[in-house]
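Student: First the structure, which I've put down as structure tokens, then a few questions once you've had a look.
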Amino acid sequence: AGSPAASARFVRCLYAVGFLDLFGVSMVVPLMNLHIKSLGASHTVAGIIGSLYGVMQLFSSTFVGCWSDIVGRRYSLLACILLSALGYFLLGNSTTVFLFAISRIPVGIFKHTLSISKALLSDLVLERDRPLVMGRFNAASSVGFILGPIVGGYLAEFEGGFYQTAFICASIFLLNGGLVWMLPWSEENTSNRDHYQDKGSNSFSAKSNHELHLESATTRAVTNSSFFQSPWIQVAAVLKKIKGIACSNLWDVLLVRFLMSVAILLYYSNFTLALEERFEVKPLFAGYLMSYSSALGVLAGCLLGPITRLYRHNTYRLLLHSSTFTCVLILLYASALSIWMVILSSTFLAFSTTIGRTCIIDLELTVGGNEASGTLLGVGQSVTSVGRIIAPLLSGIAQEFSPCGPPSLAVGLALVAIVIMNANKQKYRSHGSVKLKNQ
């Protein structure tokens, strides 16, 4: 128990969880607007229900991530998977707009399975291996995201296809729940204990390895019993952890994540429409181009290992360079004179955005510490959710001036993020030097 082979098996199982999660979701999501319209909902009602899901995700991600730190990854991950399965099962029975809206509530609150899986991966692996493992997890999830819409579109051609697709999605989540339940958790606990011992000298507090070992054992004991404690005790512990994150020095990292998220969302916000207006390209071609970029993103996730070794595991420098590259590529897209320049920018943008997304998560965990990795990932997800709410509004305003307005605004936001990273480079470098010295 606790051997490297056991941890490797555990990590591979989590890759499968990520793949199945996004495969199931991406089967259903592209069909939802068509389904709610078929139920008689107006565009306004459909938009309100869609926004309701985003708002619930915004407020629940931090609490669910923090809750996973309190009660443990196993119980929180299982609860999120099973309640998400309930939501998709209700969606498969949604014969009215009201039932459709009700089905989105458990999914909006508890669909944080990927965040908890990432927190679990962060608990399992050493810091120097974290970008590689996170990149492979994102790649496995992206493969599911590529295949899911194809299967969902095929099933939608049949009579009652949406309902069948929703039930299949719920079944996939139940399968994921069974997979998580059968994971070798006893081995993970032992491995996690050794992992914390190995990382004792990497903590930024002045604790000794012995103190960290005692603290880790105490944390595991509390975690194993917290699930059965009073809900009020759990809520108080969650609020205490959130307060600690709010008072930390992570504001600049989260601001960089917010700015880069909005920039990328602005790039994609009017992608199909802009190509049609600028180059008279049909939406089908734009869809093929986006699928092509997604496939390259999977490849980028698989190449993160050699890339991080090339950068000597310096996450800050890799994030700075990938963000700068992203900014230049969006500028190239905004000023493109031919469709070939768009294809060129999309090709390399798939690599830079995938690398940047993984690096910002690693930087959050490095600066914030792994002791509250679920909370940190939840806060980061909330920041991204704010970006998803704001980006469509900014895109609509910018598009009033030009089809190139949204990507031009994205370039400006990316430049601000790069300036913030340069202004705080001493702090990032100090963390990176400690990280390298102790590995």
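By order in the structure tokens, chains are A, B, ...; within a chain, residues start at 1; ligands start at 1, following the order shown.
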Excluding Leu415 in chain A and residues on its chain fewer than 3 positions from it, collect all residues at most 12 Å away from it, counting only C-alpha atoms, and give them as number ranges by chain.
Tutor: A: 256, 259-260, 263, 320, 323-328, 330-331, 408-412, 418-422
Student: Can you pull out the residues contacting range 380-392 of chain A? Cut-off 6 Å, using only C-alpha atoms, and skip same-chain residues under 2 positions away; I want them as a PyMOL selection string.
Tutor: chain A and resi 58+61+258+262+266+377-378+394-395
Student: Between A:Gly368, A:Gly396, A:Gly153, A:Gly135, which one has atoms that come closest to Leu304 in chain A, using only C-alpha atoms?
Tutor: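 Checking each of A:Gly368, A:Gly396, A:Gly153, A:Gly135 against Leu304 in chain A, counting only C-alpha atoms, the winner is A:Gly135.
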Student: To one decimal place, how far is CA of Ala398 in chain A from CA of Gly297 in chain A in Å?
Tutor: 27.2 Å
Student: Any idea what's packed within 10 Å of Phe100 in chain A, counting only C-alpha atoms, ignoring anything in its chain fewer than 3 positions away? Could you give it as number ranges by chain?
Tutor: A: 32, 35-36, 39, 49, 87-88, 90-97, 103-105
Student: Show which residues sit within 9 Å of Glu364 in chain A, as a PyMOL selection string. Count only C-alpha atoms, and ignore same-chain residues fewer than 4 positions away.
Tutor: chain A and resi 250+253-254+359-360+368-369+373+376-377+380
Student: If you run DSSP on the backbone here, which positions in range 39-114 of chain A get alpha helix (DSSP H)? Please write them as a PyMOL selection string.
Tutor: chain A and resi 43-71+73-91+97-110+113-114
Student: Can you tell me how far CA of Met134 in chain A sits from CA of Lys118 in chain A, in Å to one decimal?
Tutor: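 CA of Met134 in chain A sits 7.0 Å away from CA of Lys118 in chain A.
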